[in-house]
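Notes to accompany the following structure.
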Amino acid sequence: MNRGTTWLHKWWTEYQLNPKSDFADHSGAPPTWPHQTPRFVQRAVVKIRPTLEAAQSSQTRYRLVGHRSLQTELLRLGIKP
């Protein structure tokens, strides 16, 4: 098989724990993201961004809306980012 003993032990353990396993690699990603931005803040940012973009002057219309202006607007609305 041209595989190391660590690899063999990994899949042998998988088989012993679950004989009906499909032997597919399992994701190493965490099941939850504790530092993810809450949904209500995400929705607020999506709603605020076009308003801030529309309020820009002709000289600044090609600039991106930054995190500081978004944070200021969220705080003004009483939303803690």
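Each chain of the structure tokens is named A, B, ... in the order shown, its residues numbered from 1; ligands are numbered from 1 in display order.
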Test item: residues at most 8 Å from Val65 of chain A, only C-alpha atoms, excluding those fewer than 6 positions along its chain, as an MDAnalysis selection string:
chainID A and resid 49 52:53
Selection above as a file: N, CA and C atoms, as a PDB file, in the first residue's frame:
ATOM      1  N   ARG A  49     -24.674  50.096   4.280  1.00  0.00           N
ATOM      2  CA  ARG A  49     -23.650  50.366   3.264  1.00  0.00           C
ATOM      3  C   ARG A  49     -24.180  51.157   2.062  1.00  0.00           C
ATOM      4  N   LEU A  52     -24.652  54.826   2.997  1.00  0.00           N
ATOM      5  CA  LEU A  52     -23.387  55.557   3.110  1.00  0.00           C
ATOM      6  C   LEU A  52     -22.764  55.810   1.738  1.00  0.00           C
ATOM      7  N   GLU A  53     -22.882  54.843   0.839  1.00  0.00           N
ATOM      8  CA  GLU A  53     -22.336  55.021  -0.504  1.00  0.00           C
ATOM      9  C   GLU A  53     -23.081  56.113  -1.261  1.00  0.00           C
TER      10      GLU A  53
END
**Prompt:** What are the DSSP helix (DSSP H, G or I) residues of chain A, as a ChimeraX atom specification?
**Reply:** /A:5-17,39-54,67-76
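With atom CA of Ile48 of chain A on one side and atom CA of Thr72 of chain A on the other, the separation reads 10.8 Å.
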Item checked: Which residue of A:Thr5, A:His26, A:Trp12, A:Gln36 approaches Pro81 of chain A most closely, using only C-alpha atoms ->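 The answer is A:Gln36, which sits nearest to Pro81 of chain A.
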Atom CA of Ala44 of chain A to atom CA of Leu77 of chain A, straight-line distance in Å: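 These atoms are spaced 9.5 Å apart.
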